[in-house]
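Student: Take a look at run34.txt, compact mmCIF, C-alpha atoms and all ligand atoms:
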# COMPACT_ATOMS: atom_id res chain seq x y z
CA VAL A 69 -2.32 -6.20 16.30
CA LYS A 70 -0.36 -9.00 14.76
CA ARG A 71 3.07 -8.72 16.22
CA SER A 72 5.98 -8.46 13.81
CA LYS A 73 7.48 -11.74 12.77
CA LYS A 74 10.84 -10.65 14.08
CA PRO A 75 10.46 -10.17 17.83
CA VAL A 76 12.44 -7.32 19.34
CA LYS A 77 14.36 -9.69 21.59
CA ARG A 78 13.82 -13.35 22.06
CA ALA A 79 11.47 -14.09 24.91
CA SER A 80 13.53 -15.64 27.65
CA GLN A 81 12.96 -17.90 30.62
CA ILE A 82 12.52 -15.65 33.60
CA LEU A 83 12.04 -16.48 37.26
CA LEU A 84 11.05 -13.69 39.62
CA VAL A 85 11.65 -14.64 43.26
CA ASN A 86 11.22 -13.21 46.77
CA ILE A 87 8.45 -10.88 45.62
CA SER A 88 7.14 -9.04 48.70
CA GLN A 89 3.63 -8.78 47.29
CA LEU A 90 2.54 -10.50 44.11
CA LEU A 91 -0.83 -9.13 42.99
CA THR A 92 -2.14 -12.00 40.89
CA LEU A 93 -5.67 -10.69 40.29
CA ARG A 94 -6.46 -14.31 39.61
CA CYS A 95 -9.95 -14.75 38.26
CA GLY A 96 -12.46 -16.59 40.41
CA GLU A 97 -14.31 -19.72 39.28
CA GLY A 98 -16.59 -18.94 36.41
CA ASP A 99 -15.47 -15.32 35.99
CA SER A 100 -16.97 -14.47 32.67
CA SER A 101 -17.06 -10.71 32.73
CA ALA A 102 -15.21 -7.69 34.03
CA ARG A 103 -14.84 -7.19 37.79
CA ARG A 104 -17.71 -5.52 39.62
CA LEU A 105 -18.71 -4.58 43.18
CA ALA A 106 -16.54 -6.28 45.82
CA GLN A 107 -14.65 -8.35 43.18
CA LEU A 108 -13.01 -5.12 42.07
CA LYS A 109 -10.89 -4.94 45.21
CA ASP A 110 -9.92 -8.60 45.29
CA LEU A 111 -6.26 -8.59 44.25
CA ASP A 112 -5.45 -12.12 45.44
CA ILE A 113 -2.03 -11.29 46.91
CA ILE A 114 0.74 -13.86 47.48
CA GLU A 115 3.64 -12.89 49.76
CA SER A 116 7.25 -14.14 49.30
CA ALA A 117 6.07 -15.10 45.86
CA ALA A 118 7.61 -16.34 42.64
CA VAL A 119 6.54 -16.26 38.98
CA LEU A 120 8.06 -18.31 36.17
CA CYS A 121 7.73 -17.15 32.56
CA VAL A 122 8.76 -19.25 29.58
CA GLY A 123 8.38 -18.41 25.89
CA GLY A 124 6.44 -15.23 26.58
CA LYS A 125 3.86 -16.95 28.78
CA ILE A 126 3.37 -17.27 32.51
CA VAL A 127 4.03 -20.88 33.43
CA SER A 128 3.68 -20.99 37.20
CA VAL A 129 2.74 -18.74 40.08
CA GLY A 130 3.22 -19.47 43.79
CA THR A 131 5.56 -19.03 46.71
CA THR A 132 9.33 -18.74 46.28
CA LYS A 133 9.80 -21.79 48.52
CA ASP A 134 7.65 -23.99 46.29
CA ALA A 135 9.20 -22.62 43.10
CA LEU A 136 12.76 -23.39 44.20
CA ARG A 137 11.78 -26.99 45.02
CA ASP A 138 10.43 -27.58 41.51
CA PRO A 139 12.50 -30.33 39.80
CA TRP A 140 12.24 -28.81 36.31
CA LEU A 141 13.49 -25.51 37.67
CA LYS A 142 16.37 -27.16 39.50
CA LYS A 143 17.48 -28.88 36.30
CA ASN A 144 17.21 -25.78 34.12
CA ARG A 145 18.52 -23.27 36.62
CA LYS A 146 21.45 -22.16 34.43
CA LYS A 147 19.26 -21.25 31.48
CA ILE A 148 16.88 -19.18 33.54
CA ILE A 149 17.26 -15.48 34.21
CA GLN A 150 16.52 -15.14 37.93
CA ILE A 151 15.44 -11.77 39.26
CA ASP A 152 15.37 -11.00 42.96
CA CYS A 153 12.27 -8.94 43.78
CA ALA A 154 12.81 -8.60 47.53
CA GLY A 155 11.10 -5.47 48.84
CA LYS A 156 9.15 -5.10 45.60
CA VAL A 157 5.59 -5.44 44.36
CA VAL A 158 4.87 -7.34 41.15
CA LEU A 159 1.54 -6.92 39.39
CA PRO A 160 0.08 -7.47 35.93
CA GLY A 161 1.39 -4.85 33.49
CA PHE A 162 -1.08 -2.00 33.19
CA VAL A 163 -3.59 -2.15 30.36
CA ASP A 164 -4.05 1.42 29.17
CA SER A 165 -7.31 0.95 27.31
CA HIS A 166 -7.76 4.49 25.95
CA THR A 167 -5.03 6.58 24.29
CA HIS A 168 -4.66 8.95 21.31
CA PRO A 169 -0.91 8.76 20.55
CA VAL A 170 -0.90 9.80 16.87
CA PHE A 171 -0.38 13.56 16.97
CA VAL A 172 2.54 15.86 16.27
CA ASN A 173 2.53 18.89 18.55
CA PRO A 174 1.45 19.70 22.09
CA ARG A 175 -1.47 22.19 22.30
CA LEU A 176 0.12 24.93 24.36
CA ILE A 177 -2.17 27.77 23.27
CA ASP A 178 -5.23 25.80 24.43
CA PHE A 179 -3.38 25.15 27.70
CA GLU A 180 -2.80 28.85 28.33
CA LYS A 181 -6.29 29.89 27.20
CA ARG A 182 -7.84 27.47 29.65
CA ILE A 183 -5.71 28.81 32.46
CA GLU A 184 -7.08 32.25 31.56
CA GLY A 185 -10.61 30.91 31.94
CA ALA A 186 -11.76 29.58 28.53
CA SER A 187 -13.52 26.20 28.51
CA TYR A 188 -12.66 23.18 26.32
CA GLU A 189 -15.75 23.82 24.21
CA GLU A 190 -15.06 27.56 23.80
CA ILE A 191 -11.51 26.83 22.69
CA ALA A 192 -12.74 24.21 20.21
CA ALA A 193 -15.39 26.58 18.81
CA ALA A 194 -12.70 29.23 18.28
CA GLY A 195 -10.58 26.90 16.10
CA GLY A 196 -8.48 25.29 18.83
CA GLY A 197 -9.18 21.83 20.18
CA ILE A 198 -9.04 18.63 18.13
CA ARG A 199 -9.17 20.48 14.78
CA SER A 200 -5.95 22.31 15.58
CA SER A 201 -4.06 19.01 15.74
CA VAL A 202 -5.28 17.93 12.30
CA ASP A 203 -2.94 19.90 10.01
CA GLY A 204 0.09 18.51 11.82
CA VAL A 205 -0.98 14.92 11.22
CA ARG A 206 -2.11 15.50 7.62
CA GLN A 207 1.27 17.02 6.77
CA ALA A 208 3.40 14.49 8.66
CA GLY A 209 5.01 11.53 6.98
CA LYS A 210 4.26 8.04 8.19
CA SER A 211 7.74 7.58 9.61
CA ALA A 212 7.50 10.77 11.68
CA LEU A 213 4.18 9.59 13.14
CA THR A 214 5.61 6.13 13.74
CA ALA A 215 8.50 7.66 15.67
CA LYS A 216 6.06 9.63 17.85
CA VAL A 217 4.06 6.51 18.69
CA SER A 218 7.20 4.43 19.25
CA ASN A 219 8.58 6.94 21.74
CA VAL A 220 5.32 7.01 23.66
CA LEU A 221 5.06 3.22 23.83
CA HIS A 222 8.61 3.06 25.11
CA ASP A 223 7.92 5.72 27.77
CA MET A 224 4.68 4.01 28.81
CA ALA A 225 6.50 0.74 29.42
CA ALA A 226 8.88 2.57 31.76
CA LEU A 227 5.81 3.44 33.88
CA GLY A 228 4.50 -0.13 33.97
CA THR A 229 2.16 -0.24 30.96
CA THR A 230 2.41 -3.35 28.80
CA THR A 231 -0.80 -3.20 26.73
CA VAL A 232 -2.05 -0.05 25.00
CA GLU A 233 -5.18 0.73 23.04
CA ALA A 234 -4.17 3.34 20.43
CA LYS A 235 -6.62 5.45 18.47
CA SER A 236 -6.22 7.37 15.24
CA GLY A 237 -8.39 10.49 15.03
CA TYR A 238 -6.32 13.56 14.15
CA GLY A 239 -6.18 12.94 10.40
CA LEU A 240 -9.89 12.98 9.54
CA THR A 241 -9.45 11.99 5.90
CA VAL A 242 -9.41 8.41 4.64
CA GLU A 243 -5.76 8.81 3.70
CA SER A 244 -4.53 10.32 6.96
CA GLU A 245 -6.58 8.02 9.20
CA LEU A 246 -5.06 5.05 7.34
CA LYS A 247 -1.62 6.65 7.69
CA SER A 248 -2.20 7.09 11.44
CA LEU A 249 -3.26 3.45 11.87
CA GLU A 250 -0.29 2.28 9.80
CA ALA A 251 1.99 4.30 12.09
CA ILE A 252 0.40 2.53 15.07
CA ARG A 253 0.92 -0.85 13.42
CA LEU A 254 4.57 -0.13 12.63
CA ALA A 255 5.33 1.21 16.10
CA ALA A 256 3.57 -1.80 17.62
CA SER A 257 5.71 -4.20 15.59
CA ARG A 258 8.84 -2.63 17.12
CA TRP A 259 7.59 -2.74 20.71
CA PRO A 260 7.53 -5.92 22.80
CA GLY A 261 4.21 -5.03 24.42
CA THR A 262 0.75 -5.38 22.90
CA VAL A 263 -1.14 -2.69 21.00
CA VAL A 264 -4.85 -2.68 20.16
CA PRO A 265 -5.59 -0.23 17.32
CA THR A 266 -8.85 1.73 17.09
CA LEU A 267 -10.21 3.86 14.25
CA LEU A 268 -11.47 7.18 15.58
CA GLY A 269 -12.30 8.75 12.23
CA ALA A 270 -15.39 10.19 13.93
CA HIS A 271 -13.44 12.31 16.41
CA VAL A 272 -14.80 15.63 15.19
CA VAL A 273 -16.24 16.92 11.90
CA PRO A 274 -13.25 18.34 10.00
CA LYS A 275 -13.50 21.98 8.98
CA GLU A 276 -13.98 21.25 5.26
CA PHE A 277 -17.22 19.44 6.22
CA GLN A 278 -18.46 22.07 8.68
CA GLY A 279 -22.25 22.19 8.51
CA ARG A 280 -22.28 18.97 6.44
CA SER A 281 -21.61 16.42 9.15
CA GLN A 282 -23.84 13.82 7.45
CA LYS A 283 -21.56 13.90 4.41
CA TYR A 284 -18.54 13.25 6.63
CA VAL A 285 -20.32 10.43 8.49
CA GLU A 286 -20.97 8.86 5.09
CA ILE A 287 -17.25 8.94 4.31
CA VAL A 288 -16.48 7.34 7.68
CA CYS A 289 -19.07 4.59 7.09
CA LYS A 290 -18.62 3.94 3.38
CA GLU A 291 -14.92 4.60 2.87
CA MET A 292 -12.90 4.73 6.08
CA ILE A 293 -14.37 1.74 7.90
CA PRO A 294 -14.31 -0.57 4.86
CA ALA A 295 -10.72 0.44 4.00
CA VAL A 296 -9.57 -0.10 7.59
CA ALA A 297 -11.35 -3.44 7.85
CA ARG A 298 -9.92 -4.63 4.55
CA ARG A 299 -6.37 -3.85 5.68
CA LYS A 300 -7.05 -5.18 9.20
CA LEU A 301 -5.73 -1.91 10.61
CA ALA A 302 -8.08 -1.69 13.61
CA ARG A 303 -9.95 -3.93 15.98
CA PHE A 304 -12.41 -1.26 17.15
CA VAL A 305 -14.23 1.79 15.88
CA ASP A 306 -14.63 4.67 18.34
CA VAL A 307 -16.91 7.74 18.09
CA PHE A 308 -16.78 10.99 20.05
CA CYS A 309 -20.49 11.20 20.79
CA ASP A 310 -21.17 14.62 22.32
CA LYS A 311 -22.22 18.14 21.54
CA GLY A 312 -19.70 19.72 19.17
CA ALA A 313 -18.81 16.25 17.86
CA PHE A 314 -21.22 13.49 16.68
CA SER A 315 -24.90 13.01 17.55
CA ALA A 316 -26.45 9.81 18.89
CA VAL A 317 -28.03 9.12 15.48
CA GLU A 318 -24.69 9.56 13.72
CA THR A 319 -22.99 7.37 16.32
CA GLU A 320 -25.53 4.63 15.64
CA GLN A 321 -24.87 4.86 11.89
CA ILE A 322 -21.13 4.53 12.47
CA PHE A 323 -21.62 1.59 14.86
CA GLU A 324 -23.76 -0.12 12.22
CA ALA A 325 -21.02 0.26 9.63
CA ALA A 326 -18.41 -1.04 12.09
CA ALA A 327 -20.54 -4.08 12.92
CA ARG A 328 -21.13 -4.79 9.23
CA HIS A 329 -17.37 -4.91 8.76
CA GLY A 330 -16.68 -7.11 11.75
CA LEU A 331 -15.16 -4.41 13.97
CA GLY A 332 -15.95 -3.94 17.65
CA VAL A 333 -17.28 -0.61 18.89
CA ARG A 334 -16.57 1.77 21.77
CA ALA A 335 -17.39 5.45 22.28
CA HIS A 336 -16.40 8.63 24.06
CA MET A 337 -19.66 9.11 25.92
CA GLY A 338 -20.93 11.64 28.43
CA GLN A 339 -17.76 13.75 28.58
CA LEU A 340 -19.39 17.16 28.10
CA SER A 341 -23.10 16.32 28.17
CA GLN A 342 -25.43 13.41 28.82
CA THR A 343 -26.50 11.06 26.01
CA ARG A 344 -28.96 8.22 26.67
CA LEU A 345 -27.34 4.86 26.00
CA ALA A 346 -30.29 2.68 24.90
CA PRO A 347 -29.77 3.07 21.11
CA PHE A 348 -26.22 1.69 21.34
CA LEU A 349 -26.67 -1.33 23.56
CA ARG A 350 -27.59 -3.71 20.73
CA PHE A 351 -24.01 -3.30 19.46
CA ASN A 352 -22.57 -4.53 22.76
CA PRO A 353 -19.94 -1.79 22.94
CA ALA A 354 -16.70 -2.95 24.55
CA SER A 355 -16.71 0.25 26.59
CA PHE A 356 -18.14 3.70 27.10
CA ASP A 357 -15.37 6.12 28.02
CA HIS A 358 -15.38 9.27 30.19
CA MET A 359 -18.94 8.90 31.57
CA ASP A 360 -18.92 12.20 33.46
CA HIS A 361 -22.61 12.57 32.65
CA VAL A 362 -24.82 9.50 32.74
CA HIS A 363 -28.50 8.97 33.46
CA ASP A 364 -29.37 6.90 36.58
CA ASP A 365 -31.43 4.45 34.53
CA ASP A 366 -28.45 3.87 32.24
CA VAL A 367 -26.23 3.17 35.26
CA ALA A 368 -28.70 0.45 36.28
CA GLU A 369 -28.74 -0.92 32.71
CA LEU A 370 -24.93 -1.03 32.48
CA ALA A 371 -24.79 -2.95 35.77
CA LYS A 372 -26.51 -5.82 33.93
CA ARG A 373 -24.17 -5.78 30.94
CA ASN A 374 -20.58 -6.41 29.94
CA THR A 375 -19.86 -2.95 28.56
CA VAL A 376 -17.08 -1.46 30.70
CA ALA A 377 -17.21 2.15 31.90
CA THR A 378 -13.69 3.44 31.24
CA LEU A 379 -12.90 6.42 33.45
CA VAL A 380 -10.15 8.85 32.45
CA PRO A 381 -9.65 11.28 35.34
CA GLY A 382 -6.49 12.71 33.74
CA ALA A 383 -8.81 14.66 31.41
CA ASN A 384 -10.75 16.18 34.31
CA TYR A 385 -7.51 17.05 36.06
CA PHE A 386 -5.90 18.67 33.02
CA LEU A 387 -9.03 20.63 32.08
CA GLY A 388 -9.07 21.94 35.65
CA LEU A 389 -12.56 20.61 36.33
CA LYS A 390 -13.92 20.36 39.84
CA GLU A 391 -16.16 17.41 39.02
CA TYR A 392 -14.92 13.91 38.27
CA PRO A 393 -16.88 10.90 36.98
CA ALA A 394 -19.01 9.33 39.71
CA ALA A 395 -16.86 6.23 40.13
CA ARG A 396 -18.37 5.28 43.50
CA LYS A 397 -21.88 5.44 42.17
CA LEU A 398 -20.96 3.32 39.14
CA ILE A 399 -19.00 0.73 41.13
CA ASP A 400 -21.57 0.47 43.91
CA ALA A 401 -24.34 -0.01 41.35
CA GLY A 402 -22.42 -2.96 39.84
CA VAL A 403 -21.01 -1.34 36.69
CA PRO A 404 -17.59 -2.73 35.68
CA VAL A 405 -15.12 0.18 35.74
CA ALA A 406 -11.69 0.51 34.09
CA LEU A 407 -9.11 3.29 34.35
CA ALA A 408 -7.05 4.67 31.46
CA THR A 409 -4.82 7.67 30.75
CA ASP A 410 -6.67 9.09 27.68
CA TYR A 411 -3.21 10.23 26.56
CA ASN A 412 -3.86 13.05 24.05
CA PRO A 413 -2.63 16.61 23.36
CA GLY A 414 -5.85 18.41 24.27
CA THR A 415 -7.26 17.03 27.47
CA SER A 416 -4.84 14.54 29.00
CA PRO A 417 -1.17 14.77 28.08
CA THR A 418 -0.09 12.04 30.47
CA ILE A 419 1.14 8.52 29.82
CA SER A 420 1.08 7.57 33.49
CA MET A 421 -1.30 4.88 34.70
CA PRO A 422 -0.11 5.41 38.31
CA MET A 423 -1.15 9.07 37.93
CA ALA A 424 -4.60 8.03 36.66
CA MET A 425 -4.83 5.68 39.66
CA SER A 426 -3.80 8.39 42.09
CA LEU A 427 -6.53 10.67 40.70
CA ALA A 428 -9.00 7.79 40.95
CA CYS A 429 -8.19 7.44 44.63
CA THR A 430 -8.07 11.08 45.69
CA GLN A 431 -10.73 12.56 43.39
CA MET A 432 -13.12 9.66 42.76
CA LYS A 433 -12.75 7.83 46.08
CA MET A 434 -11.76 4.51 44.59
CA SER A 435 -9.65 2.42 46.93
CA PRO A 436 -6.04 1.68 45.90
CA ALA A 437 -7.05 -1.96 45.36
CA GLU A 438 -9.98 -0.97 43.12
CA ALA A 439 -7.69 1.32 41.14
CA ILE A 440 -5.27 -1.56 40.51
CA ALA A 441 -7.96 -3.93 39.22
CA ALA A 442 -9.47 -1.14 37.09
CA ALA A 443 -6.03 -0.46 35.56
CA THR A 444 -5.25 -4.11 34.80
CA ILE A 445 -7.89 -6.85 34.52
CA ASN A 446 -10.81 -4.53 33.76
CA GLY A 447 -8.75 -2.70 31.13
CA ALA A 448 -8.14 -6.12 29.59
CA TRP A 449 -11.90 -6.80 29.59
CA ALA A 450 -12.50 -3.42 27.97
CA LEU A 451 -10.26 -4.51 25.08
CA GLY A 452 -11.59 -8.06 24.79
CA LEU A 453 -8.22 -9.41 25.96
CA ALA A 454 -9.05 -10.78 29.41
CA ASP A 455 -8.17 -14.30 28.27
CA ARG A 456 -4.53 -13.19 27.78
CA LYS A 457 -3.95 -10.01 29.80
CA GLY A 458 -4.66 -8.33 33.12
CA SER A 459 -3.83 -11.04 35.66
CA ILE A 460 -0.88 -13.22 36.64
CA GLU A 461 -1.98 -16.78 36.03
CA ALA A 462 -0.43 -19.77 34.28
CA GLY A 463 -1.22 -19.65 30.58
CA LYS A 464 -1.55 -15.88 30.31
CA ASP A 465 0.93 -13.63 28.51
CA ALA A 466 4.04 -12.77 30.52
CA ASP A 467 3.18 -9.09 31.06
CA LEU A 468 4.42 -7.88 34.43
CA ALA A 469 5.24 -4.61 36.16
CA ILE A 470 7.81 -4.62 38.97
CA PHE A 471 7.49 -1.67 41.34
CA ALA A 472 10.13 -0.60 43.86
CA VAL A 473 7.62 -0.33 46.69
CA GLY A 474 6.91 -2.72 49.55
CA ASP A 475 3.13 -2.27 49.53
CA TYR A 476 0.83 -2.03 46.50
CA ARG A 477 -0.95 1.00 47.94
CA GLU A 478 2.22 3.02 47.36
CA ILE A 479 1.74 2.83 43.59
CA ALA A 480 -1.10 5.37 43.72
CA TYR A 481 0.35 7.14 46.76
CA TRP A 482 3.68 8.51 45.43
CA PHE A 483 1.98 10.60 42.76
CA GLY A 484 4.14 12.26 40.11
CA ALA A 485 7.10 9.97 40.77
CA ASN A 486 7.95 6.81 38.88
CA ARG A 487 8.46 3.79 41.11
CA CYS A 488 8.30 1.27 38.27
CA ALA A 489 11.65 -0.52 38.15
CA MET A 490 11.07 -3.01 35.37
CA THR A 491 8.49 -4.45 33.02
CA VAL A 492 8.18 -7.78 31.29
CA MET A 493 6.21 -7.65 28.02
CA ASN A 494 5.35 -10.92 26.34
CA GLY A 495 8.38 -12.34 28.13
CA VAL A 496 10.76 -9.53 27.11
CA ILE A 497 12.44 -7.64 29.95
CA SER A 498 12.69 -3.85 29.84
CA GLY A 499 14.50 -1.87 32.55
CA THR A 500 16.53 -3.18 35.47
CA PRO A 501 15.11 -4.46 38.75
O1 LIG A 601 -10.77 11.89 25.16
N1 LIG A 601 -13.12 13.91 23.78
C1 LIG A 601 -12.57 13.61 22.76
N2 LIG A 601 -11.31 13.19 22.61
C2 LIG A 601 -10.26 13.46 23.54
C3 LIG A 601 -9.77 14.83 23.45
C4 LIG A 601 -9.01 14.99 22.22
C5 LIG A 601 -8.37 16.32 22.08
O2 LIG A 601 -8.76 17.32 22.69
O3 LIG A 601 -7.41 16.32 21.28
C6 LIG A 601 -10.63 13.08 24.96
O4 LIG A 601 -10.74 13.90 25.87
FE FE A 602 -10.17 10.17 24.50
Please go through the file and, once you have read it, give me the structure as structure tokens.
Tutor:
Amino acid sequence: VKRSKKPVKRASQILLVNISQLLTLRCGEGDSSARRLAQLKDLDIIESAAVLCVGGKIVSVGTTKDALRDPWLKKNRKKIIQIDCAGKVVLPGFVDSHTHPVFVNPRLIDFEKRIEGASYEEIAAAGGGIRSSVDGVRQAGKSALTAKVSNVLHDMAALGTTTVEAKSGYGLTVESELKSLEAIRLAASRWPGTVVPTLLGAHVVPKEFQGRSQKYVEIVCKEMIPAVARRKLARFVDVFCDKGAFSAVETEQIFEAAARHGLGVRAHMGQLSQTRLAPFLRFNPASFDHMDHVHDDDVAELAKRNTVATLVPGANYFLGLKEYPAARKLIDAGVPVALATDYNPGTSPTISMPMAMSLACTQMKMSPAEAIAAATINGAWALGLADRKGSIEAGKDADLAIFAVGDYREIAYWFGANRCAMTVMNGVISGTP
């Protein structure tokens, strides 16, 4: 998203010193794609570290001793905000590469029904699920939706997230999908972090098109996508490709329309059932998300490509599932894996990247180091932003999370608590160290 011309606060000159562990996630020579295999756990940690940010960018990264000897720093000392990070971990701000923040109400009836034993699909078939969030969004004004998104972005930053992918998908008419994306754009312009908007007009077939999904797909392809592209309201088009949502053939049609209009593609894939991936690969999707069900041959194919597998274990947790995506199998086969919250009212009402990381460790057997890289640099790859986000290196955007823990493994360890003390977003400080 283009950030508003008026920044929230002027980006300042910030020097973080005495950092116990600085997780730089610096990219190796010739890194040209998301982290895989052993690279995924390479955090490139500097102890007693310092980071200097000027004008919203990272300018230098090294030890505190070296930083304090720097002549430019010595001369400009008075103008620089210095922050003591003794006993703290500093890492790249989290990149939450999959969220659905534009909705009005929580889905408490679905929540209770599931506790009583109904499945996600049964609830959806009985009129709950995604469709039950649609009326709220269609009736809401743009400013009410903007306020919802703004609040969520603010709360996410308090947990260490500095870049957010935000999907529409609960309006399901041209007008209310545009309204949802406009709410995302407005909220983004008032937040110092970075927002990547995605059109998810193909979330589910709305009830007025029940039994006529092809007609709805036509509206998505011929009206929604062109209107969104014309107004530059989204960078990606997403499709929920699964039983009860859109078929592989429909997904291909929607991807074609997105590509024709210069938008990137991504998809909810393999959440409830397996879909073979071959028909979509020619579109080079930025990511396939969920991936609970995936064919072995497709795992091998993805290992050769740059499409990221974005895992969202919050959804498995909240639906009370015993099975989680096979992260170990994907990682060990060489597939680049990212982690995201999937913040939404139906399957994953959490904004916490540390919670997603904790689930990744305990339920999917990812190591704490792998979880960190999946939540930062690989999220950035999944959004096409790895040149600016996801690692702490000179030249990148000044997006940092400061955690009040002495060891990075504690971030996923203290689940359900917030240890994030402060974030820096494009050079703007939020919170107190
Ligand atoms: O990522 N699977 C599709 N979309 C969401 C669920 C949305 C909802 O239930 O409201 C997901 O799980
Ligand atoms: Fe989702």
Student: If you count all atoms listed in the file, which residues fall within 10 Å of Glu438 in chain A, apart from same-chain ones fewer than 6 positions away, as a list in words?
Tutor: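 Contacts, with the query itself left out: Arg103, Arg104, Leu105, Ala106, Gln107, Leu108, Lys109, Asp110, Leu111, Ile399, Val405, Ala406, Leu407, Met425, Ala428 and Cys429 of chain A.
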Student: Suppose you want the space between CA of Met434 in chain A and CA of Arg350 in chain A; what is it in Å?
Tutor: 29.8 Å
Student: Grab me every residue within 9 Å of ligand LIG 601 (chain A), counting only C-alpha atoms and all ligand atoms, and send it over as a compact mmCIF listing (two decimals) with C-alpha atoms, keeping the file's coordinate frame.
Tutor:
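Ended up saving to selection_30.txt:
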# COMPACT_ATOMS: atom_id res chain seq x y z
CA HIS A 166 -7.76 4.49 25.95
CA THR A 167 -5.03 6.58 24.29
CA HIS A 168 -4.66 8.95 21.31
CA PHE A 171 -0.38 13.56 16.97
CA ARG A 175 -1.47 22.19 22.30
CA TYR A 188 -12.66 23.18 26.32
CA ALA A 192 -12.74 24.21 20.21
CA GLY A 196 -8.48 25.29 18.83
CA GLY A 197 -9.18 21.83 20.18
CA ILE A 198 -9.04 18.63 18.13
CA ARG A 199 -9.17 20.48 14.78
CA SER A 200 -5.95 22.31 15.58
CA SER A 201 -4.06 19.01 15.74
CA GLY A 237 -8.39 10.49 15.03
CA TYR A 238 -6.32 13.56 14.15
CA HIS A 271 -13.44 12.31 16.41
CA VAL A 272 -14.80 15.63 15.19
CA VAL A 307 -16.91 7.74 18.09
CA PHE A 308 -16.78 10.99 20.05
CA CYS A 309 -20.49 11.20 20.79
CA ASP A 310 -21.17 14.62 22.32
CA ALA A 313 -18.81 16.25 17.86
CA HIS A 336 -16.40 8.63 24.06
CA MET A 337 -19.66 9.11 25.92
CA GLN A 339 -17.76 13.75 28.58
CA LEU A 340 -19.39 17.16 28.10
CA ASP A 357 -15.37 6.12 28.02
CA HIS A 358 -15.38 9.27 30.19
CA VAL A 380 -10.15 8.85 32.45
CA ALA A 383 -8.81 14.66 31.41
CA ASN A 384 -10.75 16.18 34.31
CA ASP A 410 -6.67 9.09 27.68
CA TYR A 411 -3.21 10.23 26.56
CA ASN A 412 -3.86 13.05 24.05
CA PRO A 413 -2.63 16.61 23.36
CA GLY A 414 -5.85 18.41 24.27
CA THR A 415 -7.26 17.03 27.47
CA SER A 416 -4.84 14.54 29.00
Student: For the atom pair CA of Tyr481 in chain A and CA of Met423 in chain A, what is the interatomic distance in Å to one decimal place?
Tutor: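 Going from CA of Tyr481 in chain A over to CA of Met423 in chain A covers 9.2 Å.
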Student: CA of Thr230 in chain A and CA of Trp259 in chain A, how far apart in Å?
Tutor: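 Between CA of Trp259 in chain A and CA of Thr230 in chain A the gap is 9.6 Å.
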Student: Counting only C-alpha atoms, which residue out of A:Thr92, A:Ser236, A:Gln342, A:Gln207 sits closest to Ala462 in chain A?
Tutor: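 Closest candidate: A:Thr92.
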Student: Please determine, counting all atoms listed in the file, which residue among A:Ala270, A:Leu345, A:Ala395, A:Ala297 has the shortest atom-to-atom distance to ligand FE 602 (chain A).
Tutor: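 Among the listed residues, the smallest separation from ligand FE 602 (chain A) belongs to A:Ala270.
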Student: Got a minute to add N, CA and C atoms to range 192-202 of chain A and dump it as a tab-separated table (two decimals), keeping the file's coordinate frame?
Tutor:
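Here's the written file rebuild.tsv:
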chain	number	residue	atom	x	y	z
A	192	ALA	N	-12.47	24.99	21.43
A	192	ALA	CA	-12.74	24.21	20.21
A	192	ALA	C	-13.54	25.05	19.21
A	193	ALA	N	-14.54	25.77	19.70
A	193	ALA	CA	-15.39	26.58	18.81
A	193	ALA	C	-14.58	27.70	18.16
A	194	ALA	N	-13.52	28.14	18.82
A	194	ALA	CA	-12.70	29.23	18.28
A	194	ALA	C	-11.54	28.69	17.42
A	195	GLY	N	-11.60	27.44	17.03
A	195	GLY	CA	-10.58	26.90	16.10
A	195	GLY	C	-9.45	26.16	16.79
A	196	GLY	N	-9.47	26.12	18.12
A	196	GLY	CA	-8.48	25.29	18.83
A	196	GLY	C	-9.03	23.87	18.93
A	197	GLY	N	-8.64	23.17	19.96
A	197	GLY	CA	-9.18	21.83	20.18
A	197	GLY	C	-8.68	20.83	19.14
A	198	ILE	N	-9.45	19.75	18.97
A	198	ILE	CA	-9.04	18.63	18.13
A	198	ILE	C	-8.63	19.11	16.73
A	199	ARG	N	-9.44	20.03	16.15
A	199	ARG	CA	-9.17	20.48	14.78
A	199	ARG	C	-7.78	21.09	14.63
A	200	SER	N	-7.26	21.67	15.72
A	200	SER	CA	-5.95	22.31	15.58
A	200	SER	C	-4.81	21.30	15.60
A	201	SER	N	-5.11	20.04	15.85
A	201	SER	CA	-4.06	19.01	15.74
A	201	SER	C	-4.07	18.33	14.38
A	202	VAL	N	-5.07	18.67	13.55
A	202	VAL	CA	-5.28	17.93	12.30
A	202	VAL	C	-4.23	18.26	11.24
